[in-house]
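Okay, query.txt is below, compact mmCIF, C-alpha atoms:
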```
# COMPACT_ATOMS: atom_id res chain seq x y z
CA MET Q 1442 164.65 -69.56 -69.02
CA PRO Q 1443 162.30 -66.64 -68.41
CA ALA Q 1444 163.21 -63.39 -70.14
CA ALA Q 1445 165.22 -60.96 -68.08
CA PRO Q 1446 163.07 -58.17 -66.68
CA ALA Q 1447 163.22 -54.85 -68.48
CA PRO Q 1448 165.50 -52.35 -66.71
CA LEU Q 1449 163.68 -49.97 -64.44
CA GLU Q 1450 163.46 -46.38 -65.55
CA PRO Q 1451 165.55 -43.98 -63.47
CA ALA Q 1452 163.74 -42.44 -60.53
CA LEU Q 1453 162.07 -39.28 -61.74
CA GLU Q 1454 164.06 -37.11 -59.35
CA LEU Q 1455 167.27 -38.51 -60.88
CA PHE Q 1456 166.15 -38.03 -64.46
CA ASP Q 1457 169.03 -36.45 -66.40
CA ALA Q 1458 170.24 -35.97 -69.98
CA GLY Q 1459 171.14 -39.64 -70.35
CA SER Q 1460 167.73 -40.67 -69.05
CA PHE Q 1461 166.08 -38.36 -71.56
CA GLN Q 1462 168.12 -39.73 -74.45
CA ALA Q 1463 167.29 -43.32 -73.52
CA ARG Q 1464 163.60 -42.59 -73.01
CA VAL Q 1465 162.95 -40.73 -76.29
CA GLY Q 1466 165.61 -42.39 -78.47
CA ALA Q 1467 167.34 -39.10 -79.27
CA SER Q 1468 170.35 -39.15 -81.57
CA ALA Q 1469 173.72 -37.66 -80.68
CA ARG Q 1470 172.92 -34.62 -82.83
CA GLN Q 1471 169.55 -34.15 -81.18
CA MET Q 1472 171.14 -34.35 -77.75
CA ALA Q 1473 173.75 -31.78 -78.75
CA ASP Q 1474 170.91 -29.48 -79.82
CA MET Q 1475 169.03 -30.12 -76.59
CA GLN Q 1476 172.12 -29.28 -74.54
CA ALA Q 1477 172.64 -26.11 -76.57
CA PHE Q 1478 168.98 -25.15 -76.05
CA ARG Q 1479 169.36 -25.69 -72.30
CA ASP Q 1480 172.56 -23.58 -72.22
CA LEU Q 1481 170.82 -20.75 -74.09
CA LEU Q 1482 167.86 -20.95 -71.74
CA ILE Q 1483 170.14 -20.65 -68.71
CA ASP Q 1484 171.96 -17.69 -70.26
CA TRP Q 1485 168.85 -15.79 -71.30
CA ASN Q 1486 166.98 -16.65 -68.13
CA GLY Q 1487 169.49 -14.66 -66.13
CA ARG Q 1488 168.43 -11.57 -68.05
CA MET Q 1489 164.69 -11.93 -68.64
CA ASN Q 1490 163.27 -14.60 -66.29
CA LEU Q 1491 161.85 -16.96 -68.91
CA VAL Q 1492 161.28 -19.77 -66.39
CA GLY Q 1493 161.38 -20.11 -62.62
CA PRO Q 1494 164.65 -21.12 -60.91
CA SER Q 1495 163.42 -24.65 -60.16
CA ALA Q 1496 162.62 -25.24 -63.83
CA LEU Q 1497 166.27 -25.33 -64.81
CA GLY Q 1498 166.98 -28.05 -62.27
CA GLU Q 1499 164.07 -30.09 -63.64
CA PHE Q 1500 164.81 -29.34 -67.28
CA TRP Q 1501 165.14 -32.91 -68.53
CA ARG Q 1502 162.06 -34.44 -66.88
CA ARG Q 1503 159.48 -31.73 -66.27
CA HIS Q 1504 160.17 -29.73 -69.41
CA ALA Q 1505 162.08 -31.67 -72.07
CA LEU Q 1506 160.42 -35.06 -71.50
CA ASP Q 1507 157.03 -33.45 -70.89
CA SER Q 1508 157.31 -31.80 -74.32
CA ALA Q 1509 158.82 -34.75 -76.17
CA GLN Q 1510 155.96 -37.10 -75.33
CA LEU Q 1511 153.73 -35.25 -77.80
CA ARG Q 1512 155.81 -36.57 -80.70
CA ASP Q 1513 154.99 -40.15 -79.71
CA ILE Q 1514 151.28 -39.39 -79.38
CA ALA Q 1515 151.15 -37.97 -82.92
CA PRO Q 1516 154.06 -39.69 -84.72
CA GLU Q 1517 152.75 -38.93 -88.22
CA ALA Q 1518 152.33 -35.19 -87.61
CA ARG Q 1519 154.85 -33.01 -89.41
CA VAL Q 1520 153.57 -29.44 -89.05
CA TRP Q 1521 152.87 -28.16 -85.55
CA ALA Q 1522 151.71 -24.92 -83.93
CA ASP Q 1523 152.80 -24.18 -80.36
CA LEU Q 1524 150.49 -21.59 -78.80
CA GLY Q 1525 152.08 -19.40 -76.15
CA ALA Q 1526 155.49 -20.86 -76.96
CA GLY Q 1527 157.15 -18.97 -74.08
CA ALA Q 1528 160.52 -20.55 -73.28
CA GLY Q 1529 160.17 -23.15 -76.04
CA PHE Q 1530 158.15 -25.94 -74.43
CA PRO Q 1531 156.96 -27.92 -76.26
CA GLY Q 1532 157.79 -26.20 -79.56
CA LEU Q 1533 161.58 -26.04 -79.52
CA VAL Q 1534 161.86 -29.58 -78.18
CA LEU Q 1535 159.62 -30.82 -80.99
CA ALA Q 1536 161.59 -28.87 -83.61
CA ILE Q 1537 164.80 -30.51 -82.40
CA LEU Q 1538 163.34 -34.02 -82.40
CA LEU Q 1539 161.59 -33.61 -85.77
CA ARG Q 1540 164.32 -31.80 -87.70
CA ASP Q 1541 165.39 -34.90 -89.66
CA GLN Q 1542 161.82 -35.75 -90.71
CA PRO Q 1543 161.09 -34.45 -94.25
CA GLY Q 1544 158.46 -31.73 -94.28
CA SER Q 1545 158.63 -31.06 -90.55
CA HIS Q 1546 158.05 -27.54 -89.29
CA VAL Q 1547 157.02 -25.96 -85.99
CA HIS Q 1548 155.27 -22.60 -85.71
CA LEU Q 1549 156.24 -20.95 -82.42
CA ILE Q 1550 153.49 -18.47 -81.58
CA GLU Q 1551 154.15 -16.02 -78.76
CA SER Q 1552 152.61 -12.61 -78.05
CA MET Q 1553 155.47 -11.26 -75.88
CA ALA Q 1554 158.28 -9.75 -77.97
CA LYS Q 1555 161.06 -10.49 -75.47
CA ARG Q 1556 160.22 -14.18 -75.48
CA CYS Q 1557 160.17 -14.13 -79.26
CA ARG Q 1558 163.72 -12.79 -79.24
CA PHE Q 1559 164.81 -15.78 -77.20
CA LEU Q 1560 162.94 -18.24 -79.39
CA GLN Q 1561 164.45 -16.71 -82.53
CA ALA Q 1562 167.95 -16.87 -81.05
CA VAL Q 1563 167.57 -20.62 -80.43
CA VAL Q 1564 166.04 -21.25 -83.87
CA ASP Q 1565 168.84 -19.32 -85.56
CA GLN Q 1566 171.72 -20.81 -83.59
CA LEU Q 1567 170.51 -24.39 -84.05
CA ALA Q 1568 169.11 -23.88 -87.59
CA LEU Q 1569 165.82 -25.47 -86.56
CA PRO Q 1570 162.83 -26.04 -88.88
CA ALA Q 1571 160.71 -23.46 -87.07
CA THR Q 1572 159.17 -20.03 -87.54
CA VAL Q 1573 158.67 -17.57 -84.70
CA HIS Q 1574 155.45 -15.53 -84.84
CA ASN Q 1575 155.14 -12.51 -82.55
CA ALA Q 1576 151.34 -12.72 -82.53
CA ARG Q 1577 148.31 -14.16 -80.82
CA GLY Q 1578 147.43 -17.63 -82.02
CA GLU Q 1579 143.84 -16.81 -82.87
CA ASP Q 1580 145.00 -14.02 -85.20
CA LEU Q 1581 146.96 -16.32 -87.53
CA VAL Q 1582 145.86 -18.57 -90.35
CA LEU Q 1583 148.23 -21.54 -90.53
CA ALA Q 1584 147.74 -25.04 -91.92
CA VAL Q 1585 149.01 -27.48 -89.27
CA ASP Q 1586 148.57 -31.12 -88.33
CA VAL Q 1587 148.63 -30.50 -84.58
CA VAL Q 1588 148.02 -27.43 -82.43
CA ALA Q 1589 149.71 -27.78 -79.03
CA ALA Q 1590 150.06 -25.75 -75.86
CA ARG Q 1591 151.61 -26.04 -72.43
CA ALA Q 1592 150.81 -23.80 -69.45
CA CYS Q 1593 149.05 -21.39 -71.79
CA ALA Q 1594 145.50 -20.85 -70.48
CA PRO Q 1595 142.49 -22.66 -68.97
CA MET Q 1596 140.85 -24.97 -71.48
CA VAL Q 1597 137.80 -22.78 -72.06
CA ARG Q 1598 140.04 -19.92 -73.28
CA LEU Q 1599 142.64 -22.17 -74.88
CA LEU Q 1600 140.05 -23.62 -77.23
CA GLY Q 1601 139.30 -20.11 -78.42
CA TYR Q 1602 142.97 -19.51 -79.17
CA ALA Q 1603 143.23 -22.86 -80.95
CA TRP Q 1604 139.91 -22.64 -82.77
CA PRO Q 1605 141.29 -21.49 -86.18
CA TYR Q 1606 143.50 -24.61 -86.31
CA LEU Q 1607 140.96 -27.03 -84.87
CA ARG Q 1608 138.28 -25.76 -87.24
CA ALA Q 1609 140.61 -26.51 -90.17
CA GLY Q 1610 141.05 -30.12 -89.02
CA ALA Q 1611 144.09 -30.02 -86.75
CA THR Q 1612 144.28 -32.29 -83.71
CA GLY Q 1613 144.70 -30.56 -80.36
CA LEU Q 1614 147.34 -31.81 -77.92
CA PHE Q 1615 147.36 -29.84 -74.69
CA LEU Q 1616 149.59 -30.57 -71.68
CA LYS Q 1617 147.56 -30.18 -68.49
CA GLY Q 1618 147.81 -30.85 -64.76
CA GLN Q 1619 145.55 -32.21 -62.05
CA ASP Q 1620 142.72 -29.72 -62.69
CA VAL Q 1621 142.13 -30.97 -66.23
CA GLY Q 1622 138.77 -32.56 -65.36
CA SER Q 1623 137.26 -29.34 -64.07
CA GLU Q 1624 138.76 -27.42 -67.00
CA LEU Q 1625 137.10 -29.75 -69.51
CA GLN Q 1626 133.80 -29.56 -67.64
CA ALA Q 1627 133.88 -25.76 -67.79
CA ALA Q 1628 134.85 -25.80 -71.48
CA ALA Q 1629 131.97 -28.15 -72.33
CA LYS Q 1630 129.50 -25.32 -71.63
CA TYR Q 1631 130.81 -23.53 -74.71
CA TRP Q 1632 132.45 -26.22 -76.84
CA LYS Q 1633 131.60 -29.69 -78.10
CA PHE Q 1634 134.54 -32.04 -78.50
CA ASP Q 1635 135.87 -35.58 -78.29
CA ALA Q 1636 138.58 -35.71 -75.63
CA ASP Q 1637 141.04 -38.43 -74.68
CA LEU Q 1638 143.05 -38.01 -71.49
CA ILE Q 1639 146.46 -39.61 -71.90
CA PRO Q 1640 148.56 -40.09 -68.73
CA SER Q 1641 151.73 -38.02 -68.80
CA ILE Q 1642 155.05 -39.86 -68.77
CA SER Q 1643 156.77 -36.95 -67.03
CA TYR Q 1644 154.73 -36.69 -63.83
CA SER Q 1645 151.94 -38.70 -62.30
CA GLU Q 1646 149.28 -35.98 -62.10
CA GLY Q 1647 149.81 -34.73 -65.63
CA ARG Q 1648 147.59 -35.48 -68.60
CA VAL Q 1649 147.82 -34.85 -72.32
CA VAL Q 1650 144.41 -33.80 -73.61
CA GLN Q 1651 143.90 -35.01 -77.16
CA LEU Q 1652 141.00 -33.19 -78.82
CA LYS Q 1653 139.26 -33.97 -82.09
CA ARG Q 1654 135.97 -33.00 -83.73
CA VAL Q 1655 135.72 -29.67 -81.94
CA SER Q 1656 132.85 -27.31 -82.56
CA ARG Q 1657 131.60 -24.15 -80.84
CA VAL Q 1658 128.31 -24.42 -78.90
CA ARG Q 1659 128.01 -20.74 -77.93
CA PRO Q 1660 130.30 -17.72 -77.52
CA VAL Q 1661 132.54 -17.71 -74.48
```

Go through the file and emit its structure as structure tokens.
Amino acid sequence: MPAAPAPLEPALELFDAGSFQARVGASARQMADMQAFRDLLIDWNGRMNLVGPSALGEFWRRHALDSAQLRDIAPEARVWADLGAGAGFPGLVLAILLRDQPGSHVHLIESMAKRCRFLQAVVDQLALPATVHNARGEDLVLAVDVVAARACAPMVRLLGYAWPYLRAGATGLFLKGQDVGSELQAAAKYWKFDADLIPSISYSEGRVVQLKRVSRVRPV
């Protein structure tokens, strides 16, 4: 008899906590942490507008799943830097999913103090393997396996922020949307790099830009 077809993934608009758990293989503890993170985000968002109103309704697909896919792209990476960590995507999601991996740590880098207070509250309450830095990414010297960013800046500027980590040998993983091609074209005037565009699993127009062997051609 032919093998039974694999079950279809839930429609993206119906993607919920159970869908997220099934898709990323999260443990019960990880899901409890993700739920607690979401609850804290809702609470703090009412006071400081960390994300737009629609973001909370799309938490599991557009934010949690979008962030979690980076772990599968770089499964051996243990130390991460999240530039412009904002509301914790992808950094807090990665810290939750990696917490049981020996040597794992996420550096959450954010220049706005109020966002850092939120990030620190989540890290403290969930006892996550993460450090919050109230700083600009390009001003820090950190040894990391991967430097990541989501909704941080156009690629030409983002490479400048990430340059200290890329120069030291880190891989870049940057979550981008439909304009990624034009962003890379603009960045190529100032930077030389090897780029792979990996289709996003969270929405059809999204891409994860994986950068290696980055060097500066001329000042931006």

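Pairwise distance (CA of Gln1476 in chain Q, CA of Met1489 in chain Q) equals 19.8 Å.
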
Identify the residues around (135.0, -27.7, -80.7) within a radius of 7 Å, measuring from all atoms listed in the file in the coordinates stated by the file, and give them as an mmCIF file with C-alpha atoms, keeping the file's coordinate frame.
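Below is the file part-v4.cif, written as the result:
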```cif
data_model
loop_
_atom_site.group_PDB
_atom_site.id
_atom_site.type_symbol
_atom_site.label_atom_id
_atom_site.label_comp_id
_atom_site.auth_asym_id
_atom_site.auth_seq_id
_atom_site.Cartn_x
_atom_site.Cartn_y
_atom_site.Cartn_z
ATOM 1 C CA TRP Q 1632 132.450 -26.220 -76.840
ATOM 2 C CA LYS Q 1633 131.600 -29.690 -78.100
ATOM 3 C CA PHE Q 1634 134.540 -32.040 -78.500
ATOM 4 C CA ARG Q 1654 135.970 -33.000 -83.730
ATOM 5 C CA VAL Q 1655 135.720 -29.670 -81.940
ATOM 6 C CA SER Q 1656 132.850 -27.310 -82.560
ATOM 7 C CA ARG Q 1657 131.600 -24.150 -80.840
#
```

Original post:
Can you tell me, as a VMD selection string, which residues sit within 12 Å of (148.7, -14.1, -82.2) in the file's frame, using all atoms listed in the file?
Top reply: chain Q and resid 1522 to 1526 1548 to 1554 1557 1573 to 1583 1601 to 1603 1605

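Shortest atom-to-atom contact with Ser1545 in chain Q among Q:Asp1507, Q:Asp1457, Q:Glu1517, Q:Asp1620: Q:Glu1517, counting all atoms listed in the file.
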
Original post:
Of the residues Q:Phe1530, Q:Phe1615, Q:Tyr1631, Q:Phe1461, which is the one nearest to Val1587 in chain Q, using all atoms listed in the file?
Top reply: Q:Phe1615

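Straight-line separation from CA of Lys1617 in chain Q to CA of Phe1456 in chain Q: 20.6 Å.
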
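Ranking Q:Gln1542, Q:Asn1490, Q:Ser1508, Q:Ser1645 by their shortest atom-to-atom distance to Gly1529 in chain Q, with all atoms listed in the file included, puts Q:Ser1508 first.
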
Original post:
Near Ser1623 in chain Q, within 12 Å and counting only C-alpha atoms, which residues show up once chain neighbours fewer than 6 positions away are dropped, as a list in words?
Top reply: Pro1595, Met1596, Val1597, Lys1617, Ala1629 and Lys1630 of chain Q

Original post:
CA of Ala1609 in chain Q and CA of Val1547 in chain Q are how many Å apart?
Top reply: 16.9 Å
